[in-house]
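Novice: Got a file for you: query23.cif, mmCIF, C-alpha atoms and all ligand atoms.
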data_target
loop_
_atom_site.label_atom_id
_atom_site.label_comp_id
_atom_site.auth_asym_id
_atom_site.auth_seq_id
_atom_site.Cartn_x
_atom_site.Cartn_y
_atom_site.Cartn_z
CA MET A 1 -43.63 46.42 50.85
CA SER A 2 -44.58 42.76 50.59
CA VAL A 3 -42.11 39.93 50.81
CA PRO A 4 -42.92 36.34 49.82
CA GLY A 5 -44.97 34.81 52.60
CA ASP A 6 -46.47 38.14 53.72
CA ASP A 7 -50.08 38.80 52.90
CA PRO A 8 -49.84 41.20 49.94
CA ASP A 9 -53.60 41.87 49.92
CA ASP A 10 -52.96 44.84 52.22
CA ASP A 11 -51.04 46.53 49.37
CA LEU A 12 -53.71 45.94 46.74
CA GLY A 13 -55.85 48.92 47.68
CA PRO A 14 -59.20 48.95 45.87
CA LEU A 15 -58.14 45.87 43.86
CA ALA A 16 -58.37 43.74 47.01
CA ALA A 17 -62.14 43.51 46.53
CA ARG A 18 -61.50 41.89 43.13
CA VAL A 19 -59.65 38.95 44.71
CA PRO A 20 -62.06 36.11 45.57
CA ALA A 21 -62.58 35.67 49.30
CA ALA A 22 -61.28 32.09 49.16
CA LEU A 23 -58.01 33.33 47.66
CA ARG A 24 -57.74 36.17 50.16
CA GLY A 25 -58.00 33.62 52.93
CA SER A 26 -55.24 31.38 51.56
CA THR A 27 -51.46 31.64 51.48
CA ALA A 28 -49.13 31.11 48.53
CA TYR A 29 -47.11 27.89 48.37
CA HIS A 30 -43.86 28.76 50.04
CA VAL A 31 -40.87 26.53 50.71
CA PRO A 32 -38.49 28.01 53.29
CA ARG A 33 -34.78 27.35 52.68
CA PRO A 34 -32.31 27.05 55.54
CA PRO A 35 -29.28 29.31 54.96
CA ARG A 36 -26.98 26.28 54.61
CA LEU A 37 -28.32 23.20 52.86
CA VAL A 38 -26.82 19.84 53.81
CA ALA A 39 -29.80 17.66 52.93
CA LYS A 40 -32.87 18.80 51.02
CA LEU A 41 -35.59 16.54 52.35
CA ASP A 42 -38.59 18.85 51.91
CA ALA A 43 -40.03 18.27 48.43
CA ASN A 44 -40.17 14.52 47.81
CA GLU A 45 -37.59 14.68 45.06
CA LEU A 46 -35.21 11.88 44.08
CA PRO A 47 -31.94 12.54 45.92
CA TYR A 48 -29.73 11.48 42.99
CA GLY A 49 -28.67 13.55 39.98
CA LEU A 50 -28.58 11.83 36.59
CA PRO A 51 -25.40 9.83 35.86
CA PRO A 52 -22.59 11.66 33.99
CA GLU A 53 -23.00 9.72 30.70
CA LEU A 54 -26.68 10.55 30.55
CA ARG A 55 -26.01 14.20 31.40
CA ALA A 56 -23.44 14.41 28.61
CA LYS A 57 -25.89 12.89 26.14
CA LEU A 58 -28.58 15.25 27.39
CA GLY A 59 -26.29 18.25 26.94
CA ALA A 60 -25.59 17.29 23.34
CA ALA A 61 -29.25 16.56 22.58
CA LEU A 62 -30.52 19.79 24.14
CA ALA A 63 -27.96 21.83 22.22
CA GLU A 64 -29.70 20.73 19.02
CA VAL A 65 -33.18 21.82 20.08
CA PRO A 66 -34.39 24.70 17.85
CA LEU A 67 -35.23 27.29 20.52
CA GLU A 68 -36.31 29.85 17.91
CA ARG A 69 -39.36 27.65 17.23
CA TYR A 70 -42.37 26.95 19.41
CA PRO A 71 -42.43 23.48 20.94
CA ASP A 72 -44.38 20.66 19.30
CA PRO A 73 -47.83 21.27 20.82
CA GLN A 74 -48.63 17.55 20.51
CA ALA A 75 -45.31 16.40 22.01
CA ALA A 76 -45.53 13.69 19.35
CA ARG A 77 -42.21 11.97 20.01
CA LEU A 78 -42.59 11.99 23.80
CA ARG A 79 -46.17 10.79 23.36
CA ALA A 80 -45.08 7.85 21.20
CA ILE A 81 -42.37 6.81 23.67
CA LEU A 82 -44.68 6.96 26.68
CA ALA A 83 -47.60 5.31 24.91
CA HIS A 84 -45.31 2.44 23.96
CA GLN A 85 -43.84 2.12 27.48
CA LEU A 86 -47.27 2.23 29.15
CA GLY A 87 -49.07 0.09 26.57
CA VAL A 88 -51.73 2.73 25.86
CA ALA A 89 -52.80 4.66 22.75
CA GLY A 90 -51.24 8.08 22.14
CA GLY A 91 -54.70 9.66 22.24
CA GLN A 92 -55.11 8.59 25.86
CA LEU A 93 -52.27 10.86 27.02
CA VAL A 94 -52.44 14.53 27.96
CA PHE A 95 -49.26 16.34 29.01
CA GLY A 96 -49.00 18.99 31.68
CA ASN A 97 -46.34 21.34 32.95
CA GLY A 98 -46.00 19.02 35.90
CA SER A 99 -49.08 17.23 37.15
CA ASP A 100 -49.90 20.48 38.98
CA GLU A 101 -51.05 21.87 35.67
CA LEU A 102 -53.10 18.76 34.90
CA ILE A 103 -54.91 19.16 38.22
CA ALA A 104 -55.78 22.70 37.16
CA LEU A 105 -56.86 21.53 33.70
CA LEU A 106 -59.12 18.86 35.20
CA CYS A 107 -60.79 21.53 37.35
CA SER A 108 -61.21 23.80 34.31
CA ALA A 109 -62.52 21.10 31.99
CA PHE A 110 -64.93 19.65 34.56
CA PRO A 111 -65.98 22.64 36.66
CA GLY A 112 -68.15 21.80 39.64
CA PRO A 113 -67.56 20.77 43.23
CA ILE A 114 -64.04 19.35 43.64
CA LEU A 115 -63.72 16.67 46.29
CA THR A 116 -60.53 15.61 47.98
CA PRO A 117 -59.64 13.99 51.29
CA THR A 118 -57.72 16.22 53.69
CA PRO A 119 -54.86 16.42 54.49
CA SER A 120 -53.73 15.64 50.99
CA PHE A 121 -51.79 17.27 48.18
CA VAL A 122 -52.23 21.03 48.60
CA TYR A 123 -52.59 21.88 44.93
CA TYR A 124 -56.00 20.18 44.62
CA ARG A 125 -57.29 22.85 46.96
CA ILE A 126 -55.46 25.71 45.25
CA ALA A 127 -56.62 24.65 41.76
CA ALA A 128 -60.25 24.47 42.87
CA ILE A 129 -60.42 27.77 44.70
CA ALA A 130 -58.44 29.56 41.97
CA ARG A 131 -61.29 28.66 39.61
CA GLY A 132 -63.98 29.66 42.07
CA LEU A 133 -65.12 26.05 42.41
CA PRO A 134 -66.68 24.68 45.59
CA LEU A 135 -64.15 22.60 47.47
CA VAL A 136 -65.34 19.55 49.41
CA GLU A 137 -62.67 18.35 51.84
CA VAL A 138 -63.28 15.03 53.58
CA PRO A 139 -61.17 14.60 56.74
CA LEU A 140 -59.01 11.51 57.08
CA THR A 141 -59.40 9.31 60.15
CA PRO A 142 -57.21 10.13 63.19
CA GLU A 143 -54.75 7.49 61.87
CA LEU A 144 -54.70 9.50 58.61
CA GLU A 145 -56.40 6.70 56.71
CA LEU A 146 -59.13 7.34 54.16
CA ASP A 147 -62.65 7.43 55.59
CA GLU A 148 -64.35 5.63 52.71
CA ALA A 149 -67.85 5.98 54.17
CA ALA A 150 -67.36 9.72 54.64
CA VAL A 151 -66.16 10.06 51.02
CA GLU A 152 -69.23 8.18 49.80
CA ALA A 153 -71.52 10.36 51.92
CA ALA A 154 -69.85 13.54 50.66
CA ILE A 155 -70.19 12.40 47.03
CA ALA A 156 -73.88 11.69 47.57
CA LEU A 157 -74.36 15.12 49.12
CA HIS A 158 -72.23 17.31 46.84
CA ARG A 159 -72.22 15.39 43.52
CA PRO A 160 -68.64 16.49 42.73
CA SER A 161 -67.41 16.79 39.16
CA VAL A 162 -63.92 15.59 40.12
CA VAL A 163 -62.57 13.49 43.01
CA PHE A 164 -58.81 13.60 43.56
CA LEU A 165 -57.29 10.62 45.36
CA ALA A 166 -53.52 10.65 45.86
CA LEU A 167 -52.48 6.99 45.86
CA PRO A 168 -50.20 7.01 47.87
CA ASN A 169 -51.11 10.22 49.63
CA ASN A 170 -48.90 13.25 50.17
CA PRO A 171 -48.12 14.40 52.89
CA THR A 172 -49.00 11.25 54.82
CA GLY A 173 -47.33 8.63 52.62
CA THR A 174 -50.18 6.25 53.39
CA LEU A 175 -51.52 4.09 50.57
CA TRP A 176 -55.29 3.88 50.69
CA ARG A 177 -57.16 1.00 49.12
CA MET A 178 -56.40 1.30 45.40
CA ALA A 179 -59.62 -0.45 44.40
CA PHE A 180 -61.67 2.23 46.18
CA ALA A 181 -60.96 4.57 43.25
CA LEU A 182 -62.29 1.95 40.84
CA GLU A 183 -65.36 1.32 42.96
CA LEU A 184 -66.09 5.06 43.04
CA ALA A 185 -65.64 5.26 39.27
CA ALA A 186 -68.12 2.41 38.76
CA ARG A 187 -70.68 3.82 41.23
CA HIS A 188 -70.44 7.46 40.07
CA PRO A 189 -70.25 7.59 36.27
CA SER A 190 -70.89 11.35 36.14
CA THR A 191 -67.83 12.09 38.31
CA VAL A 192 -64.21 12.06 37.13
CA ILE A 193 -62.19 9.93 39.54
CA VAL A 194 -58.49 10.79 39.53
CA SER A 195 -56.01 8.16 40.68
CA ASP A 196 -53.01 10.46 41.30
CA GLU A 197 -50.05 8.11 41.06
CA ALA A 198 -47.22 10.60 41.50
CA TYR A 199 -45.43 8.08 43.75
CA VAL A 200 -46.05 4.93 41.69
CA ALA A 201 -42.30 4.23 41.50
CA TYR A 202 -42.26 3.87 45.29
CA ALA A 203 -45.64 2.18 45.76
CA GLY A 204 -45.41 -0.41 42.99
CA VAL A 205 -49.18 -0.47 42.46
CA SER A 206 -51.35 1.29 39.90
CA ASN A 207 -54.92 1.54 38.68
CA LEU A 208 -53.72 1.76 35.09
CA PRO A 209 -54.63 -1.87 34.23
CA ALA A 210 -58.27 -1.08 35.16
CA LEU A 211 -58.50 2.02 32.96
CA ALA A 212 -60.24 0.34 30.02
CA ALA A 213 -63.15 -0.72 32.24
CA HIS A 214 -63.73 2.78 33.65
CA PRO A 215 -64.48 5.59 31.18
CA ASN A 216 -64.51 8.19 34.01
CA LEU A 217 -61.16 7.17 35.57
CA VAL A 218 -58.03 9.30 35.09
CA VAL A 219 -54.62 7.99 36.08
CA MET A 220 -52.20 10.84 36.70
CA ARG A 221 -48.40 10.47 36.69
CA THR A 222 -45.36 12.71 36.83
CA LEU A 223 -41.66 12.49 36.05
CA SER A 224 -40.95 14.73 39.05
CA LYS A 225 -40.54 12.00 41.63
CA ILE A 226 -38.13 9.82 39.64
CA GLY A 227 -35.35 12.32 39.11
CA LEU A 228 -36.78 14.97 36.80
CA ALA A 229 -38.55 17.47 39.07
CA GLY A 230 -36.69 20.30 37.34
CA LEU A 231 -38.28 19.43 34.00
CA ARG A 232 -41.98 19.85 34.85
CA VAL A 233 -43.49 16.96 32.91
CA GLY A 234 -46.68 15.26 34.06
CA PHE A 235 -49.30 13.34 32.12
CA THR A 236 -52.73 11.86 32.46
CA ILE A 237 -53.86 8.55 31.01
CA SER A 238 -57.57 8.23 30.41
CA ALA A 239 -60.23 7.32 27.90
CA PRO A 240 -59.63 9.31 24.69
CA ALA A 241 -62.90 11.20 25.27
CA ILE A 242 -61.63 12.68 28.56
CA ALA A 243 -58.25 13.40 26.98
CA ALA A 244 -60.03 15.29 24.19
CA VAL A 245 -61.80 17.56 26.70
CA LEU A 246 -58.57 18.26 28.59
CA GLU A 247 -56.90 19.13 25.29
CA LYS A 248 -59.45 21.92 24.83
CA VAL A 249 -58.24 23.73 27.95
CA ARG A 250 -54.54 22.89 27.73
CA PRO A 251 -52.26 25.82 26.82
CA PRO A 252 -50.89 24.63 23.46
CA TYR A 253 -47.21 25.10 24.27
CA ASN A 254 -47.26 24.07 27.90
CA LEU A 255 -44.34 21.64 27.55
CA SER A 256 -41.21 23.44 26.44
CA SER A 257 -39.06 21.94 23.70
CA LEU A 258 -36.29 21.38 26.27
CA ASP A 259 -38.71 19.56 28.60
CA GLN A 260 -39.88 17.36 25.76
CA ARG A 261 -36.43 16.50 24.45
CA ALA A 262 -35.01 15.82 27.91
CA ALA A 263 -37.96 13.67 28.92
CA GLU A 264 -37.70 11.68 25.68
CA LEU A 265 -34.04 11.01 26.22
CA VAL A 266 -34.30 10.05 29.88
CA LEU A 267 -37.31 7.80 29.26
CA GLU A 268 -35.48 6.07 26.42
CA ASP A 269 -31.99 5.82 27.91
CA GLY A 270 -32.47 6.32 31.64
CA ALA A 271 -35.63 4.43 32.61
CA ALA A 272 -33.67 1.54 34.14
CA TRP A 273 -31.48 4.00 36.06
CA CYS A 274 -34.56 5.81 37.44
CA ALA A 275 -36.17 2.51 38.48
CA ALA A 276 -32.99 1.34 40.22
CA ARG A 277 -32.65 4.61 42.17
CA ALA A 278 -36.31 4.47 43.22
CA ALA A 279 -35.72 0.91 44.46
CA GLU A 280 -32.78 2.19 46.55
CA VAL A 281 -35.02 4.86 48.06
CA VAL A 282 -37.60 2.21 48.96
CA GLU A 283 -34.90 0.33 50.89
CA GLU A 284 -33.71 3.52 52.53
CA ARG A 285 -37.32 4.28 53.52
CA SER A 286 -37.39 1.12 55.65
CA ARG A 287 -34.05 1.91 57.27
CA LEU A 288 -35.11 5.48 58.07
CA ALA A 289 -38.51 4.41 59.43
CA ILE A 290 -36.90 1.86 61.74
CA ALA A 291 -34.29 4.36 62.93
CA LEU A 292 -36.89 7.05 63.68
CA ALA A 293 -39.21 4.59 65.41
CA ALA A 294 -36.26 3.58 67.60
CA PHE A 295 -36.38 7.12 69.03
CA GLY A 296 -39.95 6.34 70.13
CA LEU A 297 -41.45 8.54 67.40
CA HIS A 298 -44.68 7.72 65.58
CA VAL A 299 -43.85 7.03 61.93
CA PHE A 300 -46.89 6.70 59.68
CA PRO A 301 -46.73 3.74 57.26
CA SER A 302 -45.54 5.02 53.89
CA ARG A 303 -45.52 3.72 50.34
CA ALA A 304 -44.12 6.98 48.91
CA ASN A 305 -40.59 8.46 49.05
CA LEU A 306 -41.46 10.31 52.24
CA LEU A 307 -42.17 9.62 55.88
CA LEU A 308 -44.62 11.53 57.99
CA VAL A 309 -43.38 11.53 61.56
CA ARG A 310 -44.99 12.86 64.72
CA PHE A 311 -42.54 14.48 67.12
CA PRO A 312 -43.06 15.59 70.72
CA ASP A 313 -42.26 19.16 69.59
CA ALA A 314 -42.11 19.47 65.81
CA ALA A 315 -41.28 23.19 65.85
CA ALA A 316 -38.19 22.63 67.99
CA THR A 317 -37.15 19.65 65.87
CA TYR A 318 -37.69 21.62 62.66
CA ALA A 319 -35.48 24.44 64.00
CA LYS A 320 -32.79 22.01 65.14
CA LEU A 321 -32.72 20.26 61.76
CA ALA A 322 -32.73 23.59 59.88
CA ALA A 323 -29.77 24.77 61.96
CA ALA A 324 -27.94 21.64 60.82
CA GLY A 325 -28.81 22.42 57.18
CA ILE A 326 -31.52 19.78 56.92
CA SER A 327 -34.69 20.96 55.24
CA VAL A 328 -37.95 19.09 55.95
CA ARG A 329 -41.61 20.08 55.70
CA SER A 330 -43.52 21.29 58.75
CA PHE A 331 -47.26 21.69 59.27
CA GLY A 332 -47.66 23.89 62.30
CA ALA A 333 -48.90 23.16 65.78
CA THR A 334 -52.61 22.62 65.16
CA GLY A 335 -54.84 20.44 62.99
CA PRO A 336 -54.53 16.79 62.03
CA LEU A 337 -50.82 17.14 61.23
CA ALA A 338 -49.96 18.92 64.47
CA ASN A 339 -46.38 18.19 65.49
CA CYS A 340 -45.76 16.24 62.30
CA LEU A 341 -42.83 16.70 59.96
CA ARG A 342 -42.69 15.26 56.47
CA ILE A 343 -39.26 13.91 55.67
CA THR A 344 -38.32 13.00 52.12
CA VAL A 345 -36.31 9.78 51.98
CA GLY A 346 -32.83 10.70 50.79
CA THR A 347 -29.53 8.89 50.36
CA ALA A 348 -27.98 6.78 53.13
CA ALA A 349 -25.63 9.70 53.85
CA GLU A 350 -28.58 12.09 54.17
CA THR A 351 -30.34 9.67 56.52
CA ALA A 352 -27.19 9.56 58.65
CA ALA A 353 -26.96 13.38 58.71
CA LEU A 354 -30.64 13.65 59.67
CA LEU A 355 -30.38 11.14 62.49
CA ARG A 356 -27.16 12.74 63.77
CA ALA A 357 -28.77 16.17 63.81
CA TYR A 358 -31.91 14.88 65.54
CA ALA A 359 -29.95 13.00 68.20
CA ALA A 360 -27.63 15.97 68.88
C1 LIG A 401 -49.76 13.57 45.13
C2 LIG A 401 -49.07 14.54 44.24
N1 LIG A 401 -49.60 14.83 43.05
C3 LIG A 401 -49.03 15.69 42.22
C4 LIG A 401 -47.85 16.33 42.55
C5 LIG A 401 -47.31 17.36 41.60
O1 LIG A 401 -46.21 16.92 40.93
P1 LIG A 401 -45.60 17.72 39.70
O2 LIG A 401 -46.39 18.98 39.48
O3 LIG A 401 -44.20 17.99 40.08
O4 LIG A 401 -45.73 16.78 38.54
C6 LIG A 401 -47.25 16.07 43.77
C7 LIG A 401 -46.01 16.77 44.15
O5 LIG A 401 -45.53 16.71 45.24
C8 LIG A 401 -47.88 15.16 44.65
O6 LIG A 401 -47.39 14.89 45.85
#
Turn this file's structure into structure tokens for me.
Specialist:
Amino acid sequence: MSVPGDDPDDDLGPLAARVPAALRGSTAYHVPRPPRLVAKLDANELPYGLPPELRAKLGAALAEVPLERYPDPQAARLRAILAHQLGVAGGQLVFGNGSDELIALLCSAFPGPILTPTPSFVYYRIAAIARGLPLVEVPLTPELELDEAAVEAAIALHRPSVVFLALPNNPTGTLWRMAFALELAARHPSTVIVSDEAYVAYAGVSNLPALAAHPNLVVMRTLSKIGLAGLRVGFTISAPAIAAVLEKVRPPYNLSSLDQRAAELVLEDGAAWCAARAAEVVEERSRLAIALAAFGLHVFPSRANLLLVRFPDAAATYAKLAAAGISVRSFGATGPLANCLRITVGTAAETAALLRAYAA
């Protein structure tokens, strides 16, 4: 019998031949959980729960949602709130069940070679191979910076339909040159250039102001990193023409009524709270980076709510932290992220617990 993490293809029998080779060769996204959780620093979430007043308001608002009805497929109210906050037209927004789904929708709407630097966000890869699309992965430099010349060369060679740039990047935290996305958009009008700004709250920079000048640019955002990962609400901002194509492949009820109502309420009443907590995390990021560097560890420069850190023996460190109930992300012993752990920046108390466990 298969358990999560095992390769279930062995149990498929004659159906195994129906699974594309690229899928057979890949593993499902799996997040191990230590038996006792003291600090969850493995998924780049905000470490703070919503304040009690907002939760109470949310409880009352969600109780009124008519669950016997399908959700509003246009998410009209949420759309109006976000359009107003972002200063864009409603028709420029497309909503996804998290930005994961938008990545998949971009691959479906613009099928062709999908280009992404590597290592980067894993779902670009999954979304491409799940649709049988050629995946073009351009290695980062040894310092995990973007190799702009290599990206250009790969675009010239493979003529991708979509380029995904995570700005800042996950799992490295590094912020590549924002304007590179705009330059690519200008030079390659038949390619969709995605500026994935999942961590904009921690980076403070965006390509959104340049959107009007670039009809092939898509700015992608999510509510996941600012305290609402449990909701699954992401959105793209683009020219209306791109939004219209994405709408053709979007499952009509992809945002549940509860997601929509909760997102509306938090964006209206909790935006200042979210921004203040993100600012705290940015400060904590500096403290944690300094503390880890003081151990002589290599800490990659980060503009996201995470730090990528190279340890002498990441497997041993991972096990030691897990035993202390501290969950971080590991990447194995080989490849460009060998001996690296990705640590989400948590609260000051979580930083203290992490450092205590590491020093023990
Ligand atoms: C760069 C990047 N893009 C997109 C996502 C997906 O976010 P979600 O599906 O939660 O909106 C993540 C999540 O970690 C990410 O790191």
Novice: Which residues are close to Val219 (chain A), i.e. within 12 Å by only C-alpha atoms, leaving aside same-chain residues fewer than 3 positions away? Reply as a compact mmCIF listing (two decimals) with C-alpha atoms, in the coordinates of the input.
Specialist:
# COMPACT_ATOMS: atom_id res chain seq x y z
CA LEU A 86 -47.27 2.23 29.15
CA VAL A 88 -51.73 2.73 25.86
CA GLN A 92 -55.11 8.59 25.86
CA LEU A 93 -52.27 10.86 27.02
CA VAL A 94 -52.44 14.53 27.96
CA SER A 99 -49.08 17.23 37.15
CA LEU A 102 -53.10 18.76 34.90
CA ILE A 103 -54.91 19.16 38.22
CA LEU A 106 -59.12 18.86 35.20
CA VAL A 163 -62.57 13.49 43.01
CA PHE A 164 -58.81 13.60 43.56
CA LEU A 165 -57.29 10.62 45.36
CA ALA A 166 -53.52 10.65 45.86
CA LEU A 167 -52.48 6.99 45.86
CA MET A 178 -56.40 1.30 45.40
CA ALA A 181 -60.96 4.57 43.25
CA LEU A 182 -62.29 1.95 40.84
CA ALA A 185 -65.64 5.26 39.27
CA VAL A 192 -64.21 12.06 37.13
CA ILE A 193 -62.19 9.93 39.54
CA VAL A 194 -58.49 10.79 39.53
CA SER A 195 -56.01 8.16 40.68
CA ASP A 196 -53.01 10.46 41.30
CA GLU A 197 -50.05 8.11 41.06
CA ALA A 198 -47.22 10.60 41.50
CA TYR A 199 -45.43 8.08 43.75
CA VAL A 200 -46.05 4.93 41.69
CA VAL A 205 -49.18 -0.47 42.46
CA SER A 206 -51.35 1.29 39.90
CA ASN A 207 -54.92 1.54 38.68
CA LEU A 208 -53.72 1.76 35.09
CA PRO A 209 -54.63 -1.87 34.23
CA ALA A 210 -58.27 -1.08 35.16
CA LEU A 211 -58.50 2.02 32.96
CA ALA A 212 -60.24 0.34 30.02
CA HIS A 214 -63.73 2.78 33.65
CA PRO A 215 -64.48 5.59 31.18
CA ASN A 216 -64.51 8.19 34.01
CA THR A 222 -45.36 12.71 36.83
CA GLY A 234 -46.68 15.26 34.06
CA PHE A 235 -49.30 13.34 32.12
CA THR A 236 -52.73 11.86 32.46
CA ILE A 237 -53.86 8.55 31.01
CA SER A 238 -57.57 8.23 30.41
CA ALA A 239 -60.23 7.32 27.90
CA ILE A 242 -61.63 12.68 28.56
CA ALA A 243 -58.25 13.40 26.98
Novice: Find the residues of region 132-211 of chain A that sit at most 12 Å from region 27-44 of chain A; for each, write down the nearest two atoms and how far apart they are in Å, to one decimal. Count all atoms listed in the file. Sort by chain, then by number going up, and give it as a Markdown table.
Specialist:
| residue | atom | partner | partner_atom | distance |
| --- | --- | --- | --- | --- |
| A:Asn169 | CA | A:Asn44 | CA | 11.9 |
| A:Asn170 | CA | A:Asn44 | CA | 9.1 |
| A:Pro171 | CA | A:Asn44 | CA | 9.4 |
| A:Thr172 | CA | A:Asn44 | CA | 11.7 |
| A:Gly173 | CA | A:Asn44 | CA | 10.4 |
| A:Ala198 | CA | A:Asn44 | CA | 10.2 |
| A:Tyr199 | CA | A:Asn44 | CA | 9.3 |
| A:Tyr202 | CA | A:Asn44 | CA | 11.1 |
Novice: Just checking: using only C-alpha atoms and all ligand atoms, which residue out of A:Arg24, A:Arg277, A:Arg159, A:Arg125 ends up closest to ligand LIG 401 (chain A)?
Specialist: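 Smallest separation from ligand LIG 401 (chain A) among the options: A:Arg125.
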Novice: Can you work out the spacing between CA of Pro47 (chain A) and CA of Asp100 (chain A) in Å, to one decimal?
Specialist: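 Between these atoms lies a distance of 20.8 Å.
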Novice: CA of Ile326 (chain A) to CA of Glu350 (chain A): how many Å, to one decimal?
Specialist: 8.7 Å
Novice: Could you name the residues that touch Ala314 (chain A) at 9 Å or less, counting only C-alpha atoms, but leaving out those on the same chain fewer than 2 positions away, as number ranges by chain?
Specialist: A: 310-312, 316-319, 330-333, 338-341
Novice: Hey, which of A:Leu78, A:Val299, A:Ala278, A:Ala229 ends up closest to ligand LIG 401 (chain A)? Count all atoms listed in the file.
Specialist: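 Between A:Leu78, A:Val299, A:Ala278, A:Ala229, the residue approaching ligand LIG 401 (chain A) most closely is A:Ala229.
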Novice: Choose the residue, out of A:Ser327, A:Val249, A:Leu337, A:Leu288, that has the smallest atom-to-atom separation from Ala109 (chain A); count all atoms listed in the file.
Specialist: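 Looking at the shortest contact to Ala109 (chain A), the residue is A:Val249.
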Novice: Pick from A:Ser108, A:Ser161, A:Thr191, A:Asn305: nearest to ligand LIG 401 (chain A), with only C-alpha atoms and all ligand atoms counted?
Specialist: A:Asn305
Novice: Find, counting all atoms listed in the file, the residue in A:Pro66, A:Gly59, A:Gly13, A:Gly98 that gets nearest to ligand LIG 401 (chain A).
Specialist: A:Gly98
Novice: Between CA of Ala179 (chain A) and CA of Ala150 (chain A), what is the distance in Å, rounded to a tenth?
Specialist: 16.4 Å
Novice: Taking (-30.5, 15.3, 65.4) in the coordinates of the supplied file, I want to know which residues reach to within 12 Å of it, counting all atoms listed in the file; could you give the answer as number ranges by chain?
Specialist: A: 291-292, 295, 316-326, 350-360
Novice: Would you kindly return, as a list in words, each protein, DNA or RNA residue with an atom no farther than 9 Å from any atom of Pro111 (chain A), considering only C-alpha atoms and excluding same-chain residues fewer than 6 positions away?
Specialist: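 What passes the distance filter is Ala128, Arg131, Leu133, Ser161 and Val162 of chain A.
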Novice: For the selection you just gave me, I'd like the residues written to a file as an mmCIF file, in the coordinates of the input, keeping C-alpha atoms.
Specialist:
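Final output, out.cif:
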data_model
loop_
_atom_site.group_PDB
_atom_site.id
_atom_site.type_symbol
_atom_site.label_atom_id
_atom_site.label_comp_id
_atom_site.auth_asym_id
_atom_site.auth_seq_id
_atom_site.Cartn_x
_atom_site.Cartn_y
_atom_site.Cartn_z
ATOM 1 C CA ALA A 128 -60.250 24.470 42.870
ATOM 2 C CA ARG A 131 -61.290 28.660 39.610
ATOM 3 C CA LEU A 133 -65.120 26.050 42.410
ATOM 4 C CA SER A 161 -67.410 16.790 39.160
ATOM 5 C CA VAL A 162 -63.920 15.590 40.120
#
Novice: Taking all atoms of ligand LIG 401 (chain A) that appear in the file, build a box with edges along x, y and z, extend it by 8 Å on every side, and state its centre and edge lengths in Å to one decimal, as JSON.
Specialist:
{"center_x": -47.0, "center_y": 16.3, "center_z": 42.2, "size_x": 21.6, "size_y": 21.4, "size_z": 23.3}
Novice: Rank nothing, just name the residue among A:Tyr48, A:Phe300, A:Phe121, A:Phe95 nearest to ligand LIG 401 (chain A), using all atoms listed in the file.
Specialist: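 The closest residue to ligand LIG 401 (chain A) is A:Phe121.
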Novice: Within 9 Å of Ala130 (chain A), counting only C-alpha atoms, which residues qualify if same-chain residues fewer than 3 places away don't, as a count of residues only?
Specialist: 8
Novice: Using only C-alpha atoms, which residues sit within 10 Å of Glu148 (chain A) once same-chain residues fewer than 3 positions away are excluded, as an NGL selection string?
Specialist: :A and (117 or 138 or 140-141 or 145 or 151-154 or 176-177 or 180 or 184)
Novice: Please write C-alpha atoms of region 264-283 of chain A, from the structure given just now, as a PDB file, in the first residue's frame.
Specialist:
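File produced: result-v6.pdb:
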ATOM      1  CA  GLU A 264     -13.267  41.203   1.547  1.00  0.00           C
ATOM      2  CA  LEU A 265     -13.497  41.748   5.267  1.00  0.00           C
ATOM      3  CA  VAL A 266      -9.791  41.452   5.993  1.00  0.00           C
ATOM      4  CA  LEU A 267      -8.854  43.700   3.067  1.00  0.00           C
ATOM      5  CA  GLU A 268     -11.355  46.315   4.227  1.00  0.00           C
ATOM      6  CA  ASP A 269     -10.816  46.147   7.986  1.00  0.00           C
ATOM      7  CA  GLY A 270      -7.460  44.442   8.431  1.00  0.00           C
ATOM      8  CA  ALA A 271      -5.153  45.827   5.740  1.00  0.00           C
ATOM      9  CA  ALA A 272      -3.330  48.111   8.201  1.00  0.00           C
ATOM     10  CA  TRP A 273      -2.934  45.214  10.643  1.00  0.00           C
ATOM     11  CA  CYS A 274      -1.476  42.976   7.905  1.00  0.00           C
ATOM     12  CA  ALA A 275       0.958  45.711   6.816  1.00  0.00           C
ATOM     13  CA  ALA A 276       2.098  46.328  10.393  1.00  0.00           C
ATOM     14  CA  ARG A 277       2.729  42.610  11.015  1.00  0.00           C
ATOM     15  CA  ALA A 278       4.674  42.309   7.750  1.00  0.00           C
ATOM     16  CA  ALA A 279       6.805  45.281   8.855  1.00  0.00           C
ATOM     17  CA  GLU A 280       7.535  43.454  12.139  1.00  0.00           C
ATOM     18  CA  VAL A 281       8.627  40.390  10.190  1.00  0.00           C
ATOM     19  CA  VAL A 282      10.971  42.535   8.084  1.00  0.00           C
ATOM     20  CA  GLU A 283      12.639  43.744  11.294  1.00  0.00           C
TER      21      GLU A 283
END
